[in-house]
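S.K.: Contents of my_file23.cif (mmCIF, C-alpha atoms):
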data_target
#
loop_
_atom_site.label_atom_id
_atom_site.label_comp_id
_atom_site.auth_asym_id
_atom_site.auth_seq_id
_atom_site.Cartn_x
_atom_site.Cartn_y
_atom_site.Cartn_z
CA MET A 1056 -0.09 -24.98 -7.63
CA ASN A 1057 -3.11 -27.03 -6.56
CA ASP A 1058 -1.01 -28.81 -3.94
CA ILE A 1059 -0.42 -25.59 -2.00
CA PRO A 1060 -3.06 -24.99 0.68
CA PRO A 1061 -4.54 -21.48 0.49
CA LEU A 1062 -3.59 -19.04 3.21
CA PRO A 1063 -6.62 -18.13 5.32
CA GLU A 1064 -7.84 -14.60 4.71
CA ARG A 1065 -7.72 -13.76 8.42
CA ASP A 1066 -3.91 -14.10 8.37
CA LEU A 1067 -3.50 -11.23 5.90
CA PRO A 1068 -4.48 -7.61 6.51
CA PRO A 1069 -7.41 -6.69 4.25
CA GLY A 1070 -6.27 -5.77 0.77
CA ARG A 1071 -2.91 -7.58 1.04
CA GLN A 1072 -4.09 -10.86 -0.46
CA ARG A 1073 -4.49 -9.31 -3.92
CA LEU A 1074 -1.08 -7.60 -3.69
CA LEU A 1075 0.55 -10.89 -2.69
CA LYS A 1076 -1.18 -12.60 -5.61
CA GLU A 1077 0.24 -10.02 -8.02
CA HIS A 1078 3.72 -10.51 -6.56
CA LEU A 1079 3.53 -14.29 -6.83
CA MET A 1080 2.25 -14.04 -10.40
CA ARG A 1081 5.28 -11.94 -11.31
CA GLU A 1082 7.63 -14.63 -10.05
CA ILE A 1083 5.70 -17.53 -11.58
CA ARG A 1084 5.63 -15.90 -15.00
CA GLN A 1085 9.41 -15.64 -15.22
CA PRO A 1086 10.99 -18.75 -16.83
CA ASP A 1087 13.98 -19.99 -14.84
CA ALA A 1088 16.32 -19.67 -17.79
CA LYS A 1089 15.50 -16.02 -18.21
CA THR A 1090 15.63 -15.03 -14.56
CA ALA A 1091 18.93 -16.57 -13.52
CA GLY A 1092 21.08 -13.77 -12.11
CA LYS A 1093 18.49 -11.10 -12.90
CA PRO A 1094 16.91 -8.71 -10.40
CA ARG A 1095 13.81 -9.86 -8.57
CA ARG A 1096 11.19 -7.61 -7.08
CA THR A 1097 11.16 -8.08 -3.33
CA TRP A 1098 8.28 -8.38 -0.91
CA LEU A 1099 10.00 -5.90 1.35
CA ARG A 1100 7.34 -5.70 4.01
CA PRO A 1101 5.81 -9.06 4.86
CA ALA A 1102 2.08 -8.53 5.28
CA VAL A 1103 1.94 -10.94 8.19
CA ALA A 1104 3.72 -11.81 11.42
CA GLY A 1105 3.90 -14.70 13.86
CA PRO A 1106 2.44 -17.99 12.59
CA ALA A 1107 0.94 -16.20 9.60
CA LEU A 1108 4.40 -15.04 8.54
CA ALA A 1109 5.69 -18.58 8.69
CA GLY A 1110 2.89 -19.71 6.41
CA ALA A 1111 3.46 -16.92 3.93
CA LEU A 1112 7.21 -17.52 3.80
CA ALA A 1113 6.65 -21.23 3.33
CA LEU A 1114 4.45 -20.44 0.36
CA ALA A 1115 7.04 -18.02 -0.98
CA ALA A 1116 9.75 -20.65 -0.70
CA VAL A 1117 7.72 -23.18 -2.66
CA LEU A 1118 7.09 -20.69 -5.45
CA GLY A 1119 10.60 -19.25 -5.48
CA VAL A 1120 9.59 -15.79 -4.29
CA ALA A 1121 12.22 -13.46 -2.87
CA ALA A 1122 11.12 -12.35 0.59
CA VAL A 1123 13.46 -9.83 2.21
CA GLY A 1124 13.08 -7.99 5.49
CA LEU A 1125 14.80 -4.91 6.83
CA GLY A 1126 15.26 -5.94 10.42
CA ASP A 1127 18.40 -6.17 12.52
CA GLY A 1128 19.47 -9.47 11.00
CA GLY A 1129 23.20 -10.05 10.84
CA GLY A 1130 23.94 -7.68 13.70
CA ALA A 1131 23.31 -4.53 11.67
CA ARG A 1132 23.54 -1.35 13.70
CA THR A 1133 21.18 1.58 13.59
CA GLU A 1134 22.37 4.45 11.45
CA ILE A 1135 21.10 7.88 10.55
CA ALA A 1136 21.31 8.50 6.84
CA LYS A 1137 23.67 11.26 5.77
CA ASP A 1138 22.33 14.71 5.02
CA GLY A 1139 21.46 15.37 1.42
CA LYS A 1140 18.68 16.42 -0.88
CA ALA A 1141 15.42 14.54 -0.50
CA THR A 1142 14.49 12.63 -3.65
CA TYR A 1143 12.01 9.92 -4.51
CA ALA A 1144 14.81 7.42 -3.79
CA PHE A 1145 16.42 8.91 -0.68
CA ALA A 1146 15.23 10.35 2.63
CA PRO A 1147 17.88 12.50 4.38
CA ARG A 1148 18.46 11.79 8.07
CA ALA A 1149 15.99 8.93 8.13
CA GLY A 1150 15.35 8.06 11.74
CA ALA A 1151 15.93 11.62 12.91
CA ASP A 1152 13.71 13.53 10.48
CA THR A 1153 10.32 13.24 12.17
CA LYS A 1154 8.34 15.45 14.51
CA GLY A 1155 4.97 15.58 16.24
CA GLY A 1156 1.87 17.30 14.98
CA ALA A 1157 0.30 14.41 13.04
CA ALA A 1158 -3.13 15.31 14.40
CA ARG A 1159 -2.85 18.85 13.02
CA VAL A 1160 -1.68 17.66 9.61
CA LEU A 1161 -4.35 15.00 9.35
CA ASP A 1162 -7.10 17.37 10.48
CA ARG A 1163 -6.02 19.81 7.78
CA VAL A 1164 -6.03 17.01 5.19
CA ALA A 1165 -9.43 15.83 6.42
CA THR A 1166 -10.88 19.33 6.07
CA VAL A 1167 -9.81 19.44 2.42
CA ALA A 1168 -11.17 15.95 1.78
CA GLU A 1169 -14.62 16.52 3.28
CA LYS A 1170 -15.16 19.65 1.16
CA LYS A 1171 -15.05 17.63 -2.03
CA LYS A 1172 -18.35 16.94 -3.74
CA ALA A 1173 -19.54 13.36 -3.47
CA ASP A 1174 -20.24 11.68 -6.79
CA ASP A 1175 -23.62 10.07 -6.18
CA GLY A 1176 -24.01 9.13 -9.85
CA ILE A 1177 -21.48 6.27 -9.81
CA ARG A 1178 -23.10 3.06 -11.10
CA ASP A 1179 -22.48 -0.47 -9.88
CA ASP A 1180 -21.43 -1.61 -13.36
CA GLN A 1181 -18.65 0.98 -13.63
CA PHE A 1182 -14.98 0.78 -12.67
CA VAL A 1183 -12.63 2.97 -10.65
CA TYR A 1184 -9.59 3.76 -12.79
CA THR A 1185 -6.30 4.64 -11.09
CA LYS A 1186 -3.06 5.54 -12.84
CA SER A 1187 0.07 5.56 -10.70
CA LEU A 1188 3.81 5.90 -11.02
CA VAL A 1189 5.54 3.21 -8.97
CA SER A 1190 8.87 1.64 -8.17
CA PHE A 1191 9.90 -1.11 -5.77
CA ALA A 1192 13.33 -2.23 -4.67
CA THR A 1193 14.94 -5.15 -6.44
CA VAL A 1194 17.52 -7.50 -5.02
CA GLN A 1195 20.29 -9.24 -6.94
CA ASP A 1196 22.86 -11.57 -5.45
CA GLY A 1197 26.11 -9.78 -4.80
CA LYS A 1198 24.86 -6.38 -5.92
CA PRO A 1199 23.45 -3.37 -4.06
CA THR A 1200 19.71 -3.24 -3.50
CA ARG A 1201 18.15 -0.36 -5.41
CA LEU A 1202 14.84 0.88 -6.71
CA ALA A 1203 13.74 -0.44 -10.07
CA PRO A 1204 13.11 2.13 -12.83
CA LEU A 1205 9.97 4.19 -12.29
CA HIS A 1206 7.07 2.98 -14.40
CA HIS A 1207 3.32 3.40 -14.75
CA ARG A 1208 0.67 1.14 -13.30
CA GLU A 1209 -3.03 1.22 -14.18
CA ASP A 1210 -5.84 -0.40 -12.21
CA TRP A 1211 -9.48 -0.91 -13.12
CA THR A 1212 -11.52 -1.98 -10.08
CA SER A 1213 -15.19 -2.89 -10.04
CA VAL A 1214 -17.32 -0.30 -8.23
CA ASP A 1215 -19.38 -2.95 -6.46
CA GLY A 1216 -16.70 -5.66 -6.43
CA THR A 1217 -18.64 -8.17 -8.53
CA ARG A 1218 -16.97 -7.69 -11.92
CA GLU A 1219 -13.52 -8.67 -13.08
CA GLY A 1220 -11.11 -5.74 -13.18
CA ARG A 1221 -7.57 -5.47 -14.44
CA THR A 1222 -4.07 -4.40 -13.38
CA LEU A 1223 -1.72 -3.31 -16.15
CA GLU A 1224 1.96 -2.65 -15.41
CA PRO A 1225 3.92 -2.86 -18.68
CA GLY A 1226 7.09 -1.46 -17.11
CA GLY A 1227 7.15 -4.00 -14.30
CA ASN A 1228 9.76 -6.73 -13.97
CA PRO A 1229 8.33 -8.71 -15.66
CA PRO A 1230 5.47 -6.76 -17.31
CA LEU A 1231 2.18 -7.40 -15.54
CA ASP A 1232 -1.27 -7.80 -17.08
CA LEU A 1233 -3.35 -9.43 -14.38
CA PRO A 1234 -7.13 -9.78 -14.12
CA ASN A 1235 -8.55 -8.70 -10.76
CA ASP A 1236 -10.95 -11.37 -9.62
CA PRO A 1237 -14.46 -10.27 -8.63
CA ASP A 1238 -14.87 -10.01 -4.87
CA PRO A 1239 -17.12 -12.45 -3.02
CA ALA A 1240 -19.98 -11.03 -1.00
CA PRO A 1241 -19.08 -8.87 2.02
CA GLY A 1242 -18.02 -10.94 5.01
CA LYS A 1243 -16.86 -13.93 2.97
CA PRO A 1244 -13.20 -14.99 2.59
CA GLY A 1245 -11.41 -13.05 -0.10
CA TYR A 1246 -13.59 -9.93 0.14
CA ASP A 1247 -11.33 -6.98 -0.64
CA GLN A 1248 -12.49 -4.04 1.48
CA SER A 1249 -9.77 -1.71 0.27
CA THR A 1250 -10.93 -1.18 -3.31
CA ASN A 1251 -14.69 -1.74 -3.29
CA TYR A 1252 -16.34 1.68 -3.59
CA ARG A 1253 -19.76 0.47 -2.48
CA HIS A 1254 -18.25 -0.99 0.66
CA LEU A 1255 -16.27 2.17 1.34
CA GLN A 1256 -19.56 4.09 1.25
CA THR A 1257 -20.78 2.06 4.23
CA LEU A 1258 -17.87 2.92 6.51
CA PRO A 1259 -18.27 5.30 9.48
CA THR A 1260 -18.11 9.06 8.94
CA ASP A 1261 -17.38 9.76 12.61
CA PRO A 1262 -13.66 9.59 13.53
CA ASP A 1263 -14.16 7.68 16.78
CA ALA A 1264 -16.47 5.20 15.09
CA MET A 1265 -13.98 4.83 12.26
CA LEU A 1266 -11.15 4.12 14.69
CA THR A 1267 -13.27 1.46 16.38
CA TRP A 1268 -14.02 -0.02 12.98
CA LEU A 1269 -10.34 -0.12 12.03
CA TYR A 1270 -9.36 -1.96 15.20
CA ALA A 1271 -12.22 -4.42 14.71
CA HIS A 1272 -11.48 -5.22 11.05
CA THR A 1273 -7.74 -5.84 10.86
CA GLY A 1274 -8.42 -9.52 10.16
CA HIS A 1275 -6.58 -10.79 13.24
CA ASP A 1276 -9.31 -11.51 15.75
CA GLY A 1277 -8.25 -14.02 18.38
CA GLU A 1278 -4.53 -13.23 18.10
CA PRO A 1279 -4.05 -10.39 20.63
CA LYS A 1280 -0.71 -11.69 21.92
CA GLU A 1281 0.85 -11.90 18.47
CA ARG A 1282 -0.43 -8.70 16.89
CA ASP A 1283 0.13 -4.97 17.29
CA LYS A 1284 -3.38 -3.59 16.83
CA ASN A 1285 -2.08 -0.08 16.23
CA GLN A 1286 0.20 -1.20 13.39
CA ASP A 1287 -2.55 -3.35 11.89
CA ALA A 1288 -4.99 -0.44 12.00
CA PHE A 1289 -2.47 1.87 10.30
CA VAL A 1290 -1.84 -0.71 7.56
CA LEU A 1291 -5.57 -1.22 7.02
CA ALA A 1292 -6.13 2.53 6.77
CA GLY A 1293 -3.39 2.73 4.14
CA ASP A 1294 -5.02 -0.09 2.19
CA LEU A 1295 -8.32 1.78 2.22
CA LEU A 1296 -6.61 4.82 0.71
CA ARG A 1297 -5.82 2.77 -2.38
CA GLY A 1298 -9.47 3.01 -3.37
CA MET A 1299 -11.64 5.97 -4.34
CA MET A 1300 -13.07 7.06 -1.00
CA PRO A 1301 -16.26 9.06 -0.40
CA PRO A 1302 -15.30 12.52 0.99
CA LYS A 1303 -16.85 12.17 4.45
CA VAL A 1304 -15.45 8.67 4.89
CA SER A 1305 -11.92 9.75 3.95
CA ALA A 1306 -12.14 12.71 6.34
CA ALA A 1307 -13.15 10.36 9.16
CA LEU A 1308 -10.32 8.00 8.25
CA TYR A 1309 -7.67 10.72 8.47
CA ARG A 1310 -8.94 11.98 11.82
CA ALA A 1311 -9.12 8.41 13.13
CA VAL A 1312 -5.52 7.69 12.15
CA ALA A 1313 -4.47 10.79 14.08
CA LYS A 1314 -5.56 8.92 17.21
CA ILE A 1315 -3.33 5.89 16.53
CA PRO A 1316 -0.23 5.93 18.76
CA GLY A 1317 3.12 6.25 17.01
CA VAL A 1318 1.96 8.28 14.00
CA VAL A 1319 4.42 11.12 13.29
CA VAL A 1320 5.14 13.80 10.69
CA VAL A 1321 7.93 13.82 8.10
CA PRO A 1322 8.19 17.50 7.03
CA ASP A 1323 9.81 16.80 3.66
CA ALA A 1324 8.80 13.66 1.76
CA VAL A 1325 8.95 13.07 -1.99
CA ASP A 1326 6.60 10.83 -3.97
CA ALA A 1327 7.47 8.77 -7.05
CA ALA A 1328 6.65 11.71 -9.34
CA GLY A 1329 9.17 13.91 -7.54
CA ARG A 1330 6.49 16.00 -5.83
CA HIS A 1331 7.52 17.31 -2.42
CA GLY A 1332 5.03 17.22 0.40
CA VAL A 1333 4.51 16.48 4.06
CA ALA A 1334 4.01 12.88 5.19
CA VAL A 1335 2.36 11.18 8.11
CA ALA A 1336 4.25 8.02 8.96
CA ARG A 1337 4.63 5.13 11.34
CA VAL A 1338 7.57 2.82 12.02
CA ASP A 1339 6.51 -0.71 11.14
CA SER A 1340 6.42 -2.52 14.48
CA TYR A 1341 6.84 -5.88 12.74
CA ASN A 1342 9.83 -4.61 10.76
CA PRO A 1343 11.38 -1.83 12.89
CA GLY A 1344 13.97 -1.13 10.23
CA GLN A 1345 11.45 0.60 8.00
CA ARG A 1346 8.87 3.37 8.04
CA ASP A 1347 5.65 3.64 6.03
CA GLU A 1348 4.56 7.09 4.85
CA TRP A 1349 1.50 8.70 3.29
CA ILE A 1350 2.47 11.85 1.40
CA PHE A 1351 0.25 14.93 1.00
CA GLY A 1352 0.76 18.06 -1.07
CA GLU A 1353 2.48 20.74 0.99
CA LYS A 1354 0.14 23.47 -0.27
CA THR A 1355 -2.88 21.49 -1.46
CA ASP A 1356 -3.11 18.85 1.32
CA GLU A 1357 -4.16 16.40 -1.41
CA TYR A 1358 -3.11 12.76 -1.13
CA LEU A 1359 -0.10 12.24 -3.42
CA GLY A 1360 1.16 8.74 -2.78
CA THR A 1361 3.23 6.56 -0.48
CA ARG A 1362 6.83 5.85 0.42
CA THR A 1363 8.63 3.18 2.46
CA VAL A 1364 11.98 4.22 3.93
CA ALA A 1365 14.74 2.10 5.45
CA LEU A 1366 15.74 3.41 8.87
CA LYS A 1367 18.67 1.06 9.36
CA SER A 1368 21.45 -0.26 7.19
CA SER A 1369 20.78 -3.96 6.81
CA HIS A 1370 20.72 -6.70 4.17
CA GLY A 1371 22.36 -4.48 1.58
CA VAL A 1372 19.96 -1.59 2.17
CA LYS A 1373 21.34 1.72 3.43
CA ALA A 1374 19.65 3.91 6.02
CA GLY A 1375 17.59 6.53 4.22
CA GLN A 1376 17.13 4.40 1.14
CA VAL A 1377 13.57 4.32 -0.23
CA THR A 1378 12.49 0.72 -0.83
CA GLY A 1379 9.07 1.43 -2.30
CA THR A 1380 7.43 4.53 -3.75
CA SER A 1381 4.22 5.47 -5.54
CA ALA A 1382 2.42 8.52 -6.87
CA VAL A 1383 -1.26 8.71 -7.82
CA LEU A 1384 -1.42 10.55 -11.15
CA LYS A 1385 -5.08 10.14 -12.08
CA ARG A 1386 -8.23 8.63 -10.59
CA ALA A 1387 -11.64 8.55 -12.24
CA VAL A 1388 -14.73 6.41 -12.88
CA VAL A 1389 -15.00 4.74 -16.30
CA ASP A 1390 -17.58 2.52 -17.95
CA GLU A 1391 -15.46 -0.50 -18.77
CA VAL A 1392 -12.14 -2.24 -18.18
CA GLY A 1393 -9.41 -0.88 -20.44
CA ARG A 1394 -11.05 2.52 -20.93
CA ARG A 1395 -9.11 5.59 -19.82
CA PRO A 1396 -10.58 8.95 -18.80
#
What's the structure tokens form of this structure?
M.R.:
Amino acid sequence: MNDIPPLPERDLPPGRQRLLKEHLMREIRQPDAKTAGKPRRTWLRPAVAGPALAGALALAAVLGVAAVGLGDGGGARTEIAKDGKATYAFAPRAGADTKGGAARVLDRVATVAEKKKADDGIRDDQFVYTKSLVSFATVQDGKPTRLAPLHHREDWTSVDGTREGRTLEPGGNPPLDLPNDPDPAPGKPGYDQSTNYRHLQTLPTDPDAMLTWLYAHTGHDGEPKERDKNQDAFVLAGDLLRGMMPPKVSAALYRAVAKIPGVVVVPDAVDAAGRHGVAVARVDSYNPGQRDEWIFGEKTDEYLGTRTVALKSSHGVKAGQVTGTSAVLKRAVVDEVGRRP
């Protein structure tokens, strides 16, 4: 492992480095004898593009990581998924099931978010606890790609980013129990903006200022010809949602995202817990065969979770197939790692 040069932080959107680490740890922890012919969790949306993608895939190849895209490879043609009932694993008419009005939906969501009472009593030595229900697609040679069984995931993240947290995913493939390294000081390589509550408190509360901040902090300065700043900003905003956000900051984030070109509405989306809601979504410009969605309660406008949907049949994935899904079940502040609210 020491012979592999580290990927520079600027080549990964903020928050992706920790997710990639978790994915690599899953693969490393599986002995070859036990994994032969067994499903492998896929990195279905590479977090990088251009030269950065080449570096990440080179690293994946060295470590034996499955890296699968959903592009047009192999001459796959665009298809619209057949009509059917929306479930956590299937999106009817994917590719023809969106409409405008994202600004209205996000403004409504922002209004609900900003009315929440800010918890000013959170201490630096505490941890943000998040319990989720998740599933990601697995790939097995010669067999159809499908979602793995739904299972719980728990995260304990340091409030100020200086203490070691923990990610526990006993139902993962393989089971995951991974310490979350403390974050370096703000501005230094490895600083994880997406889950540090103290940092989130410093973000703009004005939508225009937030949008400017998003475009300026995608981690890809100096690469304007190789990057889509709108896609990078949308990804960064989604990463920020993984943390516990102060009410005014989250409201500004939603209204800022409404100004990003290409954001649309999916009227009927289903999270990993089977809860129906409305989603705001964007087709991934680096992987046009898939769409990333944030799902909100249809009546409550509360953030429910995320979904990634295949828009094209390619690489064993059918149009309309969900390749990643999550549902936030509980979020709270606790005093120590391992404690549950």
S.K.: Interatomic distance between CA of Ala1173 (chain A) and CA of Leu1308 (chain A)?
M.R.: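 These two atoms are separated by 15.8 Å.
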S.K.: Could you list the residues chosen by the PyMOL selection byres ((chain A and resi 1372-1389) around 7) in this structure as a PyMOL selection string?
M.R.: chain A and resi 1134-1136+1144-1149+1181-1192+1200+1202+1326-1328+1359-1371+1390-1391+1394-1396
S.K.: I'd like the interatomic distance between CA of Ile1177 (chain A) and CA of Gln1256 (chain A), to a tenth of an Å.
M.R.: 11.4 Å
S.K.: The PyMOL selection byres ((chain A and resi 1335) around 8) - which residues does that actually catch in the file I just gave you? List them as a short mmCIF file (atom, residue, chain, number, x, y, z; two decimals) with C-alpha atoms, in the frame of the given file.
M.R.:
data_model
loop_
_atom_site.label_atom_id
_atom_site.label_comp_id
_atom_site.auth_asym_id
_atom_site.auth_seq_id
_atom_site.Cartn_x
_atom_site.Cartn_y
_atom_site.Cartn_z
CA ALA A 1157 0.30 14.41 13.04
CA VAL A 1160 -1.68 17.66 9.61
CA LEU A 1161 -4.35 15.00 9.35
CA VAL A 1318 1.96 8.28 14.00
CA VAL A 1319 4.42 11.12 13.29
CA VAL A 1320 5.14 13.80 10.69
CA VAL A 1321 7.93 13.82 8.10
CA VAL A 1333 4.51 16.48 4.06
CA ALA A 1334 4.01 12.88 5.19
CA ALA A 1336 4.25 8.02 8.96
CA ARG A 1337 4.63 5.13 11.34
CA GLU A 1348 4.56 7.09 4.85
CA TRP A 1349 1.50 8.70 3.29
CA ILE A 1350 2.47 11.85 1.40
#
S.K.: For Gly1150 (chain A), which of A:Pro1234, A:Asp1162, A:Ala1271, A:Lys1137 is the closest residue, counting only C-alpha atoms?
M.R.: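 Checking each candidate against Gly1150 (chain A), we get A:Lys1137 as the closest.
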S.K.: Could you tell me how far CA of Met1265 (chain A) lies from CA of Pro1301 (chain A), in Å and to one decimal?
M.R.: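 That distance, rounded to one decimal, is 13.5 Å.
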S.K.: So, with only C-alpha atoms as the atoms that count, which of A:Val1304, A:Val1325, A:Val1312, A:Ala1168 lies closest to Leu1266 (chain A)?
M.R.: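 Nearest to Leu1266 (chain A): A:Val1312.
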S.K.: If we count only C-alpha atoms and set the cut-off at 6 Å, which residues sit around region 1219-1233 of chain A, ignoring sequence neighbours fewer than 6 positions away in its own chain? Please answer as a list in words.
M.R.: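 Close residues of region 1219-1233 of chain A: His1206, Arg1208, Glu1209, Asp1210, Trp1211, Thr1212 and Ser1213 of chain A.
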S.K.: Would you be able to write out as a PyMOL selection string which residues have an atom within 12 Å of (-22.7, 11.1, -0.5) in the file's coordinates, counting all atoms listed in the file?
M.R.: chain A and resi 1169-1177+1252-1253+1255-1258+1260+1300-1305
